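For reference, model-v3.cif (mmCIF, N, CA and C atoms):
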```
data_start
#
loop_
_atom_site.label_atom_id
_atom_site.label_comp_id
_atom_site.auth_asym_id
_atom_site.auth_seq_id
_atom_site.Cartn_x
_atom_site.Cartn_y
_atom_site.Cartn_z
N MET A 152 0.84 -1.18 0.00
CA MET A 152 0.00 0.00 0.00
C MET A 152 0.88 1.24 0.00
N ASN A 153 0.61 2.16 -0.90
CA ASN A 153 1.34 3.41 -1.01
C ASN A 153 0.63 4.46 -0.15
N THR A 154 1.32 5.01 0.85
CA THR A 154 0.71 6.00 1.73
C THR A 154 1.39 7.35 1.57
N ASP A 155 0.61 8.41 1.84
CA ASP A 155 1.12 9.76 1.70
C ASP A 155 0.48 10.63 2.77
N VAL A 156 1.22 11.62 3.25
CA VAL A 156 0.73 12.62 4.18
C VAL A 156 0.97 13.96 3.53
N ARG A 157 -0.08 14.79 3.43
CA ARG A 157 0.07 16.09 2.80
C ARG A 157 -0.73 17.14 3.57
N ARG A 158 -0.37 18.40 3.38
CA ARG A 158 -1.08 19.51 4.02
C ARG A 158 -2.50 19.62 3.45
N ILE A 159 -3.44 19.99 4.29
CA ILE A 159 -4.81 20.24 3.84
C ILE A 159 -4.81 21.48 2.96
N ALA A 160 -5.55 21.40 1.85
CA ALA A 160 -5.65 22.50 0.89
C ALA A 160 -7.10 22.97 0.79
N PRO A 161 -7.34 24.16 0.24
CA PRO A 161 -8.72 24.64 0.11
C PRO A 161 -9.66 23.66 -0.59
N CYS A 162 -9.14 22.91 -1.55
CA CYS A 162 -9.98 21.95 -2.28
C CYS A 162 -10.41 20.76 -1.42
N ASP A 163 -9.86 20.64 -0.21
CA ASP A 163 -10.18 19.52 0.69
C ASP A 163 -11.34 19.82 1.63
N ARG A 164 -12.04 20.93 1.43
CA ARG A 164 -13.07 21.37 2.38
C ARG A 164 -14.10 20.27 2.65
N GLU A 165 -14.76 19.77 1.63
CA GLU A 165 -15.82 18.78 1.85
C GLU A 165 -15.27 17.48 2.41
N LEU A 166 -14.10 17.08 1.96
CA LEU A 166 -13.46 15.87 2.49
C LEU A 166 -13.16 16.04 3.98
N PHE A 167 -12.60 17.21 4.36
CA PHE A 167 -12.32 17.45 5.77
C PHE A 167 -13.60 17.45 6.59
N LEU A 168 -14.64 18.12 6.11
CA LEU A 168 -15.91 18.17 6.85
C LEU A 168 -16.47 16.76 7.03
N GLU A 169 -16.38 15.95 6.00
CA GLU A 169 -16.86 14.57 6.08
C GLU A 169 -16.06 13.75 7.10
N MET A 170 -14.73 13.82 7.02
CA MET A 170 -13.91 13.01 7.92
C MET A 170 -13.96 13.52 9.36
N SER A 171 -14.03 14.83 9.56
CA SER A 171 -14.09 15.32 10.94
C SER A 171 -15.43 14.96 11.57
N ALA A 172 -16.50 14.92 10.77
CA ALA A 172 -17.79 14.46 11.29
C ALA A 172 -17.71 12.97 11.65
N GLU A 173 -17.01 12.18 10.83
CA GLU A 173 -16.80 10.76 11.15
C GLU A 173 -16.03 10.62 12.46
N PHE A 174 -14.97 11.42 12.62
CA PHE A 174 -14.15 11.36 13.82
C PHE A 174 -14.99 11.63 15.06
N TYR A 175 -15.80 12.68 15.02
CA TYR A 175 -16.58 13.05 16.20
C TYR A 175 -17.77 12.12 16.44
N SER A 176 -18.10 11.27 15.50
CA SER A 176 -19.17 10.30 15.74
C SER A 176 -18.60 8.92 16.05
N SER A 177 -17.27 8.81 16.13
CA SER A 177 -16.64 7.52 16.37
C SER A 177 -16.50 7.25 17.86
N ASP A 178 -16.12 6.02 18.18
CA ASP A 178 -15.89 5.63 19.58
C ASP A 178 -14.67 6.31 20.17
N ALA A 179 -13.82 6.91 19.33
CA ALA A 179 -12.59 7.55 19.82
C ALA A 179 -12.89 8.86 20.55
N VAL A 180 -14.07 9.42 20.34
CA VAL A 180 -14.42 10.71 20.93
C VAL A 180 -15.68 10.54 21.77
N LEU A 181 -15.64 11.08 22.96
CA LEU A 181 -16.75 10.89 23.89
C LEU A 181 -17.79 12.00 23.84
N HIS A 182 -17.64 12.95 22.92
CA HIS A 182 -18.63 14.02 22.79
C HIS A 182 -18.86 14.31 21.32
N ASP A 183 -19.95 14.97 21.01
CA ASP A 183 -20.31 15.28 19.63
C ASP A 183 -20.33 16.79 19.45
N VAL A 184 -20.09 17.23 18.24
CA VAL A 184 -20.17 18.65 17.91
C VAL A 184 -20.97 18.78 16.62
N ASP A 185 -21.53 19.96 16.38
CA ASP A 185 -22.31 20.13 15.16
C ASP A 185 -21.42 20.57 14.00
N ARG A 186 -22.00 20.57 12.81
CA ARG A 186 -21.26 20.86 11.58
C ARG A 186 -20.58 22.22 11.62
N SER A 187 -21.19 23.19 12.28
CA SER A 187 -20.60 24.54 12.30
C SER A 187 -19.21 24.52 12.94
N TYR A 188 -18.97 23.62 13.89
CA TYR A 188 -17.64 23.49 14.51
C TYR A 188 -16.63 23.07 13.44
N HIS A 189 -16.97 22.10 12.63
CA HIS A 189 -16.06 21.61 11.59
C HIS A 189 -15.80 22.69 10.55
N VAL A 190 -16.84 23.45 10.20
CA VAL A 190 -16.68 24.54 9.23
C VAL A 190 -15.74 25.61 9.79
N ARG A 191 -15.92 26.00 11.05
CA ARG A 191 -15.04 27.00 11.67
C ARG A 191 -13.59 26.51 11.73
N THR A 192 -13.43 25.22 12.04
CA THR A 192 -12.08 24.66 12.10
C THR A 192 -11.41 24.73 10.73
N PHE A 193 -12.13 24.35 9.68
CA PHE A 193 -11.56 24.39 8.33
C PHE A 193 -11.23 25.82 7.94
N ASP A 194 -12.12 26.75 8.23
CA ASP A 194 -11.86 28.16 7.91
C ASP A 194 -10.59 28.65 8.61
N GLU A 195 -10.39 28.26 9.87
CA GLU A 195 -9.19 28.64 10.60
C GLU A 195 -7.95 28.02 9.96
N LEU A 196 -8.06 26.78 9.51
CA LEU A 196 -6.93 26.14 8.83
C LEU A 196 -6.51 26.92 7.60
N MET A 197 -7.47 27.44 6.88
CA MET A 197 -7.17 28.16 5.64
C MET A 197 -6.62 29.57 5.92
N ARG A 198 -6.91 30.14 7.08
CA ARG A 198 -6.43 31.48 7.44
C ARG A 198 -5.06 31.46 8.07
N SER A 199 -4.73 30.39 8.77
CA SER A 199 -3.53 30.39 9.61
C SER A 199 -2.48 29.43 9.07
N ASP A 200 -1.28 29.95 8.94
CA ASP A 200 -0.16 29.07 8.59
C ASP A 200 0.87 29.08 9.71
N VAL A 201 0.52 29.69 10.83
CA VAL A 201 1.46 29.80 11.94
C VAL A 201 1.11 28.83 13.05
N TYR A 202 -0.14 28.82 13.47
CA TYR A 202 -0.51 28.03 14.64
C TYR A 202 -1.20 26.72 14.28
N LEU A 203 -2.33 26.79 13.62
CA LEU A 203 -3.10 25.59 13.32
C LEU A 203 -2.71 25.05 11.95
N GLU A 204 -2.42 23.75 11.90
CA GLU A 204 -2.08 23.10 10.64
C GLU A 204 -2.90 21.84 10.51
N GLY A 205 -3.19 21.46 9.28
CA GLY A 205 -3.95 20.24 9.03
C GLY A 205 -3.27 19.39 7.98
N TYR A 206 -3.43 18.09 8.12
CA TYR A 206 -2.82 17.11 7.21
C TYR A 206 -3.87 16.09 6.81
N ILE A 207 -3.78 15.66 5.56
CA ILE A 207 -4.63 14.59 5.03
C ILE A 207 -3.75 13.37 4.83
N PHE A 208 -4.25 12.21 5.23
CA PHE A 208 -3.56 10.95 4.98
C PHE A 208 -4.23 10.28 3.79
N GLU A 209 -3.42 9.75 2.88
CA GLU A 209 -3.94 9.02 1.73
C GLU A 209 -3.29 7.65 1.65
N ALA A 210 -4.06 6.68 1.23
CA ALA A 210 -3.56 5.32 1.01
C ALA A 210 -3.98 4.91 -0.39
N ASP A 211 -3.00 4.67 -1.24
CA ASP A 211 -3.26 4.36 -2.66
C ASP A 211 -4.19 5.40 -3.29
N GLY A 212 -3.98 6.67 -2.94
CA GLY A 212 -4.74 7.77 -3.51
C GLY A 212 -6.10 8.01 -2.88
N ALA A 213 -6.53 7.15 -1.95
CA ALA A 213 -7.84 7.31 -1.31
C ALA A 213 -7.67 8.01 0.04
N PRO A 214 -8.62 8.87 0.43
CA PRO A 214 -8.51 9.55 1.72
C PRO A 214 -8.63 8.56 2.87
N ALA A 215 -7.62 8.54 3.74
CA ALA A 215 -7.58 7.57 4.82
C ALA A 215 -7.76 8.20 6.19
N GLY A 216 -7.60 9.52 6.31
CA GLY A 216 -7.74 10.18 7.60
C GLY A 216 -7.16 11.57 7.57
N TYR A 217 -7.07 12.16 8.75
CA TYR A 217 -6.53 13.51 8.85
C TYR A 217 -5.97 13.75 10.24
N ALA A 218 -5.23 14.84 10.38
CA ALA A 218 -4.73 15.26 11.68
C ALA A 218 -4.71 16.78 11.73
N LEU A 219 -4.96 17.31 12.92
CA LEU A 219 -4.85 18.74 13.17
C LEU A 219 -3.81 18.95 14.25
N LEU A 220 -2.97 19.95 14.08
CA LEU A 220 -2.03 20.26 15.13
C LEU A 220 -1.94 21.76 15.33
N ASP A 221 -1.55 22.13 16.53
CA ASP A 221 -1.44 23.51 16.96
C ASP A 221 -0.06 23.69 17.54
N ARG A 222 0.50 24.89 17.40
CA ARG A 222 1.80 25.19 18.00
C ARG A 222 1.63 26.30 19.02
N MET A 223 2.25 26.14 20.16
CA MET A 223 2.19 27.18 21.19
C MET A 223 3.52 27.22 21.93
N PHE A 224 3.81 28.37 22.51
CA PHE A 224 5.02 28.47 23.31
C PHE A 224 4.71 28.00 24.72
N SER A 225 5.54 27.12 25.25
CA SER A 225 5.33 26.57 26.58
C SER A 225 6.57 26.83 27.43
N HIS A 226 6.40 27.60 28.50
CA HIS A 226 7.53 27.81 29.42
C HIS A 226 7.91 26.50 30.09
N GLU A 227 6.90 25.67 30.35
CA GLU A 227 7.14 24.36 30.99
C GLU A 227 8.09 23.51 30.15
N ALA A 228 7.88 23.49 28.85
CA ALA A 228 8.71 22.68 27.96
C ALA A 228 9.96 23.41 27.50
N GLY A 229 10.02 24.72 27.73
CA GLY A 229 11.19 25.49 27.34
C GLY A 229 11.24 25.81 25.87
N GLY A 230 10.10 25.93 25.23
CA GLY A 230 10.07 26.26 23.81
C GLY A 230 8.72 25.95 23.22
N ILE A 231 8.70 25.72 21.93
CA ILE A 231 7.45 25.46 21.22
C ILE A 231 6.96 24.04 21.54
N THR A 232 5.67 23.96 21.83
CA THR A 232 5.00 22.67 21.98
C THR A 232 4.09 22.47 20.79
N VAL A 233 4.22 21.35 20.11
CA VAL A 233 3.29 20.98 19.06
C VAL A 233 2.21 20.11 19.70
N TRP A 234 0.99 20.57 19.59
CA TRP A 234 -0.14 19.89 20.20
C TRP A 234 -0.95 19.23 19.09
N ILE A 235 -0.94 17.92 19.05
CA ILE A 235 -1.73 17.19 18.07
C ILE A 235 -3.14 17.08 18.64
N GLU A 236 -4.05 17.89 18.11
CA GLU A 236 -5.39 18.01 18.67
C GLU A 236 -6.32 16.91 18.21
N GLU A 237 -6.24 16.56 16.96
CA GLU A 237 -7.10 15.50 16.42
C GLU A 237 -6.28 14.64 15.50
N LEU A 238 -6.48 13.34 15.59
CA LEU A 238 -5.85 12.40 14.68
C LEU A 238 -6.89 11.32 14.39
N TYR A 239 -7.28 11.19 13.13
CA TYR A 239 -8.33 10.24 12.77
C TYR A 239 -7.88 9.41 11.59
N LEU A 240 -8.01 8.10 11.72
CA LEU A 240 -7.79 7.18 10.62
C LEU A 240 -9.07 6.38 10.42
N ARG A 241 -9.54 6.34 9.20
CA ARG A 241 -10.71 5.51 8.90
C ARG A 241 -10.38 4.06 9.25
N SER A 242 -11.36 3.33 9.75
CA SER A 242 -11.11 2.00 10.32
C SER A 242 -10.41 1.07 9.34
N GLU A 243 -10.74 1.14 8.07
CA GLU A 243 -10.13 0.22 7.10
C GLU A 243 -8.65 0.49 6.86
N TYR A 244 -8.15 1.63 7.35
CA TYR A 244 -6.75 1.97 7.14
C TYR A 244 -5.91 1.87 8.42
N ARG A 245 -6.52 1.48 9.50
CA ARG A 245 -5.77 1.35 10.75
C ARG A 245 -4.84 0.14 10.67
N GLY A 246 -3.71 0.25 11.34
CA GLY A 246 -2.74 -0.84 11.34
C GLY A 246 -1.91 -0.93 10.08
N GLN A 247 -1.95 0.11 9.23
CA GLN A 247 -1.19 0.11 7.97
C GLN A 247 0.09 0.95 8.07
N GLY A 248 0.35 1.54 9.24
CA GLY A 248 1.56 2.35 9.41
C GLY A 248 1.38 3.81 9.08
N ILE A 249 0.16 4.23 8.76
CA ILE A 249 -0.07 5.63 8.39
C ILE A 249 0.14 6.55 9.59
N GLY A 250 -0.41 6.18 10.74
CA GLY A 250 -0.23 6.98 11.95
C GLY A 250 1.24 7.14 12.31
N ARG A 251 1.97 6.05 12.26
CA ARG A 251 3.41 6.09 12.55
C ARG A 251 4.13 7.01 11.56
N SER A 252 3.77 6.92 10.28
CA SER A 252 4.39 7.79 9.26
C SER A 252 4.13 9.26 9.57
N PHE A 253 2.90 9.56 10.03
CA PHE A 253 2.56 10.94 10.36
C PHE A 253 3.43 11.45 11.50
N PHE A 254 3.56 10.66 12.58
CA PHE A 254 4.37 11.10 13.72
C PHE A 254 5.82 11.29 13.31
N GLU A 255 6.34 10.41 12.50
CA GLU A 255 7.72 10.54 12.05
C GLU A 255 7.90 11.81 11.21
N LEU A 256 6.94 12.09 10.33
CA LEU A 256 7.00 13.30 9.51
C LEU A 256 6.95 14.56 10.38
N ILE A 257 6.01 14.61 11.33
CA ILE A 257 5.88 15.79 12.19
C ILE A 257 7.15 16.00 13.00
N GLU A 258 7.68 14.95 13.58
CA GLU A 258 8.87 15.10 14.41
C GLU A 258 10.09 15.50 13.60
N LYS A 259 10.12 15.22 12.30
CA LYS A 259 11.23 15.61 11.45
C LYS A 259 11.06 17.02 10.90
N THR A 260 9.82 17.44 10.63
CA THR A 260 9.60 18.68 9.88
C THR A 260 9.02 19.83 10.69
N VAL A 261 8.50 19.55 11.88
CA VAL A 261 7.92 20.62 12.71
C VAL A 261 8.72 20.68 14.01
N PRO A 262 9.73 21.56 14.07
CA PRO A 262 10.60 21.60 15.24
C PRO A 262 9.83 22.00 16.50
N ALA A 263 10.10 21.30 17.58
CA ALA A 263 9.43 21.59 18.85
C ALA A 263 10.27 21.05 20.00
N ALA A 264 10.05 21.62 21.17
CA ALA A 264 10.66 21.10 22.38
C ALA A 264 9.85 19.92 22.93
N ARG A 265 8.57 19.91 22.62
CA ARG A 265 7.68 18.86 23.11
C ARG A 265 6.56 18.62 22.11
N TYR A 266 6.17 17.38 21.96
CA TYR A 266 5.02 17.00 21.16
C TYR A 266 3.96 16.48 22.13
N ARG A 267 2.74 16.95 21.95
CA ARG A 267 1.69 16.66 22.93
C ARG A 267 0.41 16.31 22.19
N LEU A 268 -0.34 15.36 22.71
CA LEU A 268 -1.60 14.98 22.09
C LEU A 268 -2.60 14.56 23.13
N GLU A 269 -3.86 14.65 22.76
CA GLU A 269 -4.94 14.23 23.64
C GLU A 269 -5.37 12.84 23.25
N VAL A 270 -5.70 12.04 24.26
CA VAL A 270 -6.14 10.66 24.02
C VAL A 270 -7.35 10.39 24.91
N GLU A 271 -8.41 9.90 24.30
CA GLU A 271 -9.58 9.52 25.09
C GLU A 271 -9.21 8.32 25.95
N PRO A 272 -9.73 8.23 27.17
CA PRO A 272 -9.30 7.18 28.10
C PRO A 272 -9.59 5.76 27.65
N ASP A 273 -10.59 5.58 26.79
CA ASP A 273 -10.92 4.22 26.36
C ASP A 273 -10.32 3.85 25.01
N ASN A 274 -9.50 4.72 24.44
CA ASN A 274 -8.89 4.44 23.14
C ASN A 274 -7.54 3.75 23.36
N LEU A 275 -7.61 2.49 23.72
CA LEU A 275 -6.41 1.74 24.09
C LEU A 275 -5.48 1.50 22.91
N ARG A 276 -6.04 1.32 21.73
CA ARG A 276 -5.21 1.10 20.55
C ARG A 276 -4.31 2.31 20.29
N ALA A 277 -4.89 3.51 20.37
CA ALA A 277 -4.10 4.73 20.16
C ALA A 277 -3.05 4.87 21.26
N GLN A 278 -3.44 4.61 22.50
CA GLN A 278 -2.49 4.72 23.60
C GLN A 278 -1.31 3.80 23.40
N SER A 279 -1.56 2.61 22.91
CA SER A 279 -0.49 1.64 22.67
C SER A 279 0.46 2.14 21.58
N LEU A 280 -0.10 2.67 20.49
CA LEU A 280 0.73 3.21 19.41
C LEU A 280 1.60 4.35 19.94
N TYR A 281 1.00 5.27 20.69
CA TYR A 281 1.75 6.43 21.15
C TYR A 281 2.85 6.03 22.12
N ARG A 282 2.59 5.06 22.96
CA ARG A 282 3.65 4.57 23.87
C ARG A 282 4.82 4.02 23.07
N ARG A 283 4.52 3.24 22.03
CA ARG A 283 5.60 2.69 21.19
C ARG A 283 6.37 3.79 20.48
N MET A 284 5.72 4.95 20.25
CA MET A 284 6.38 6.08 19.61
C MET A 284 7.14 6.94 20.61
N GLY A 285 7.15 6.55 21.90
CA GLY A 285 7.94 7.26 22.89
C GLY A 285 7.19 8.28 23.72
N TYR A 286 5.86 8.32 23.61
CA TYR A 286 5.07 9.28 24.38
C TYR A 286 4.79 8.74 25.78
N GLU A 287 4.64 9.65 26.73
CA GLU A 287 4.33 9.31 28.12
C GLU A 287 3.01 9.97 28.49
N PHE A 288 2.31 9.38 29.47
CA PHE A 288 1.05 9.96 29.92
C PHE A 288 1.25 11.11 30.89
N LEU A 289 0.45 12.13 30.74
CA LEU A 289 0.29 13.16 31.75
C LEU A 289 -0.92 12.76 32.59
N PRO A 290 -1.08 13.30 33.78
CA PRO A 290 -2.18 12.87 34.64
C PRO A 290 -3.56 13.27 34.13
N TYR A 291 -3.66 14.10 33.09
CA TYR A 291 -4.97 14.54 32.64
C TYR A 291 -5.24 14.12 31.20
N LEU A 292 -4.98 12.85 30.90
CA LEU A 292 -5.35 12.22 29.63
C LEU A 292 -4.68 12.82 28.42
N GLN A 293 -3.48 13.31 28.60
CA GLN A 293 -2.70 13.73 27.46
C GLN A 293 -1.38 13.00 27.52
N MET A 294 -0.71 12.96 26.41
CA MET A 294 0.59 12.30 26.34
C MET A 294 1.59 13.30 25.80
N ILE A 295 2.82 13.17 26.21
CA ILE A 295 3.86 14.10 25.76
C ILE A 295 5.10 13.33 25.29
N LYS A 296 5.89 13.99 24.51
CA LYS A 296 7.20 13.47 24.14
C LYS A 296 8.15 14.66 24.08
N ASP A 297 9.05 14.75 25.06
CA ASP A 297 10.05 15.81 25.05
C ASP A 297 11.12 15.44 24.04
N LYS A 298 11.48 16.39 23.20
CA LYS A 298 12.44 16.12 22.14
C LYS A 298 13.76 15.60 22.69
N ASP A 299 14.22 16.15 23.81
CA ASP A 299 15.51 15.74 24.37
C ASP A 299 15.45 14.35 24.99
N ASN A 300 14.27 13.90 25.35
CA ASN A 300 14.13 12.59 26.00
C ASN A 300 13.60 11.51 25.07
N GLY A 301 13.32 11.87 23.80
CA GLY A 301 12.70 10.92 22.86
C GLY A 301 13.71 10.06 22.26
#
```
Show me this structure written as structure tokens.
Amino acid sequence: MNTDVRRIAPCDRELFLEMSAEFYSSDAVLHDVDRSYHVRTFDELMRSDVYLEGYIFEADGAPAGYALLDRMFSHEAGGITVWIEELYLRSEYRGQGIGRSFFELIEKTVPAARYRLEVEPDNLRAQSLYRRMGYEFLPYLQMIKDKDNG
């Protein structure tokens, strides 16, 4: 399977809205949001190239998922923290190495002192992947990876 990770583009609007609605209706998320939330998120992605970034995952040219990340300065981490806010893979593409490829790409191309992501407490599969990628749990359902300790 040929996989690719690319930045979200304006032409991805409907695809992003579709996949983000799938993400929020999945077992990975314990709450639901309405379509206007997804529209606002996409609009912010198109306005901002500094803080919020979005990526589309493709497998053999088909949309397989997406990820959103935010960058912020953290005194605690001593520099920029990349916060992976959402990461969604369609079920048929899980276990294909796409998530791992995304983390490797982000850690190589988005410099940070710390990488941080949110994980729902019952998403054991994701927790297992992140542990194997070197992330540790924080006490409030987030995981971190300090660049110097990774």
Q) Could you write out as a PyMOL selection string the residues that the PyMOL selection byres ((chain A and resi 225-229) around 8) matches in the shown file? A) chain A and resi 222-224+230-233+263-265+297
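Our summary of the geometry notes that atom CA of A:Phe288 is positioned 24.4 Å from atom CA of A:Ser242.
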Rounded to one decimal place, report the atom CA of A:Glu173-atom CA of A:Leu220 distance in Å.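 These two atoms are separated by 18.0 Å.
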ask   = Once the PyMOL selection byres ((chain A and resi 235) around 6) has been applied to the shown file, what residues remain in the selection, as an MDAnalysis selection string?
value = chainID A and resid 219:221 233:234 236:238 266:269
Nearest residue to A:Lys296 from the set A:Leu203, A:Met197, A:Met284, A:Leu275 (distances using only C-alpha atoms):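 Closest to A:Lys296, using only C-alpha atoms: A:Met284.
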query = At what distance in Å, to one decimal, does atom C of A:Asp185 lie from atom C of A:Leu166?
reply =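 Between atom C of A:Leu166 and atom C of A:Asp185 the gap works out to 13.8 Å.
Within 7 Å of stretch 153-162 of chain A, once all atoms listed in the file are used and residues closer than 5 positions along the same chain are dropped, the contacting residues are Met197, Glu204, Gly205, Tyr206, Ile207, Phe208, Glu209, Ala210, Asp211, Gly212, Ile249 and Phe253 of chain A.
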Mind dumping the selected residues with N, CA and C atoms as a PDB file, keeping the file's coordinate frame?
```
ATOM      1  N   MET A 197      -7.470  27.440   6.880  1.00  0.00           N
ATOM      2  CA  MET A 197      -7.170  28.160   5.640  1.00  0.00           C
ATOM      3  C   MET A 197      -6.620  29.570   5.920  1.00  0.00           C
ATOM      4  N   GLU A 204      -2.420  23.750  11.900  1.00  0.00           N
ATOM      5  CA  GLU A 204      -2.080  23.100  10.640  1.00  0.00           C
ATOM      6  C   GLU A 204      -2.900  21.840  10.510  1.00  0.00           C
ATOM      7  N   GLY A 205      -3.190  21.460   9.280  1.00  0.00           N
ATOM      8  CA  GLY A 205      -3.950  20.240   9.030  1.00  0.00           C
ATOM      9  C   GLY A 205      -3.270  19.390   7.980  1.00  0.00           C
ATOM     10  N   TYR A 206      -3.430  18.090   8.120  1.00  0.00           N
ATOM     11  CA  TYR A 206      -2.820  17.110   7.210  1.00  0.00           C
ATOM     12  C   TYR A 206      -3.870  16.090   6.810  1.00  0.00           C
ATOM     13  N   ILE A 207      -3.780  15.660   5.560  1.00  0.00           N
ATOM     14  CA  ILE A 207      -4.630  14.590   5.030  1.00  0.00           C
ATOM     15  C   ILE A 207      -3.750  13.370   4.830  1.00  0.00           C
ATOM     16  N   PHE A 208      -4.250  12.210   5.230  1.00  0.00           N
ATOM     17  CA  PHE A 208      -3.560  10.950   4.980  1.00  0.00           C
ATOM     18  C   PHE A 208      -4.230  10.280   3.790  1.00  0.00           C
ATOM     19  N   GLU A 209      -3.420   9.750   2.880  1.00  0.00           N
ATOM     20  CA  GLU A 209      -3.940   9.020   1.730  1.00  0.00           C
ATOM     21  C   GLU A 209      -3.290   7.650   1.650  1.00  0.00           C
ATOM     22  N   ALA A 210      -4.060   6.680   1.230  1.00  0.00           N
ATOM     23  CA  ALA A 210      -3.560   5.320   1.010  1.00  0.00           C
ATOM     24  C   ALA A 210      -3.980   4.910  -0.390  1.00  0.00           C
ATOM     25  N   ASP A 211      -3.000   4.670  -1.240  1.00  0.00           N
ATOM     26  CA  ASP A 211      -3.260   4.360  -2.660  1.00  0.00           C
ATOM     27  C   ASP A 211      -4.190   5.400  -3.290  1.00  0.00           C
ATOM     28  N   GLY A 212      -3.980   6.670  -2.940  1.00  0.00           N
ATOM     29  CA  GLY A 212      -4.740   7.770  -3.510  1.00  0.00           C
ATOM     30  C   GLY A 212      -6.100   8.010  -2.880  1.00  0.00           C
ATOM     31  N   ILE A 249       0.160   4.230   8.760  1.00  0.00           N
ATOM     32  CA  ILE A 249      -0.070   5.630   8.390  1.00  0.00           C
ATOM     33  C   ILE A 249       0.140   6.550   9.590  1.00  0.00           C
ATOM     34  N   PHE A 253       2.900   9.560  10.030  1.00  0.00           N
ATOM     35  CA  PHE A 253       2.560  10.940  10.360  1.00  0.00           C
ATOM     36  C   PHE A 253       3.430  11.450  11.500  1.00  0.00           C
TER      37      PHE A 253
END
```
Item to complete: For the file shown, report as a ChimeraX atom specification the outcome of the PyMOL selection byres (((chain A and resi 277-279 and name CA) around 12) and name CA) at residue level.
Response: /A:178-180,237-240,245-246,250-251,268-276,280-288,292-295
- Which parts of stretch 172-272 of chain A does DSSP call helix (DSSP H, G or I) when run on the backbone here, written out as a VMD selection string? chain A and resid 172 to 175 186 to 198 242 to 244 249 to 260
Quick one: pick out all strand (DSSP E) residues within stretch 183-283 of chain A from a backbone DSSP run and write them as a ChimeraX atom specification.
-> /A:203-210,213-225,230-240,265-269
Taking every listed atom of stretch 232-241 of chain A and adding 3 Å to each side, what centre and edge lengths in Å (one decimal) does the axis-aligned box have, as AutoDock Vina command-line options?
```
--center_x -2.5 --center_y 14.0 --center_z 15.4 --size_x 22.4 --size_y 25.9 --size_z 19.1
```
Can I get stretch 280-291 of chain A with N, CA, C and O atoms filled in, as a CSV table (one decimal), keeping the file's coordinate frame?
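New file rebuild-v4.csv:
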```
chain,number,residue,atom,x,y,z
A,280,LEU,N,-0.1,2.7,20.5
A,280,LEU,CA,0.7,3.2,19.4
A,280,LEU,C,1.6,4.4,19.9
A,280,LEU,O,2.8,4.4,19.7
A,281,TYR,N,1.0,5.3,20.7
A,281,TYR,CA,1.8,6.4,21.2
A,281,TYR,C,2.8,6.0,22.1
A,281,TYR,O,3.9,6.6,22.1
A,282,ARG,N,2.6,5.1,23.0
A,282,ARG,CA,3.6,4.6,23.9
A,282,ARG,C,4.8,4.0,23.1
A,282,ARG,O,6.0,4.3,23.4
A,283,ARG,N,4.5,3.2,22.0
A,283,ARG,CA,5.6,2.7,21.2
A,283,ARG,C,6.4,3.8,20.5
A,283,ARG,O,7.5,3.6,20.1
A,284,MET,N,5.7,5.0,20.2
A,284,MET,CA,6.4,6.1,19.6
A,284,MET,C,7.1,6.9,20.6
A,284,MET,O,7.7,8.0,20.2
A,285,GLY,N,7.2,6.6,21.9
A,285,GLY,CA,7.9,7.3,22.9
A,285,GLY,C,7.2,8.3,23.7
A,285,GLY,O,7.8,9.0,24.5
A,286,TYR,N,5.9,8.3,23.6
A,286,TYR,CA,5.1,9.3,24.4
A,286,TYR,C,4.8,8.7,25.8
A,286,TYR,O,4.7,7.5,26.0
A,287,GLU,N,4.6,9.6,26.7
A,287,GLU,CA,4.3,9.3,28.1
A,287,GLU,C,3.0,10.0,28.5
A,287,GLU,O,2.7,11.0,28.0
A,288,PHE,N,2.3,9.4,29.5
A,288,PHE,CA,1.0,10.0,29.9
A,288,PHE,C,1.2,11.1,30.9
A,288,PHE,O,2.1,11.0,31.8
A,289,LEU,N,0.4,12.1,30.7
A,289,LEU,CA,0.3,13.2,31.8
A,289,LEU,C,-0.9,12.8,32.6
A,289,LEU,O,-1.8,12.0,32.1
A,290,PRO,N,-1.1,13.3,33.8
A,290,PRO,CA,-2.2,12.9,34.6
A,290,PRO,C,-3.6,13.3,34.1
A,290,PRO,O,-4.5,12.8,34.6
A,291,TYR,N,-3.7,14.1,33.1
A,291,TYR,CA,-5.0,14.5,32.6
A,291,TYR,C,-5.2,14.1,31.2
A,291,TYR,O,-5.7,14.9,30.4
```
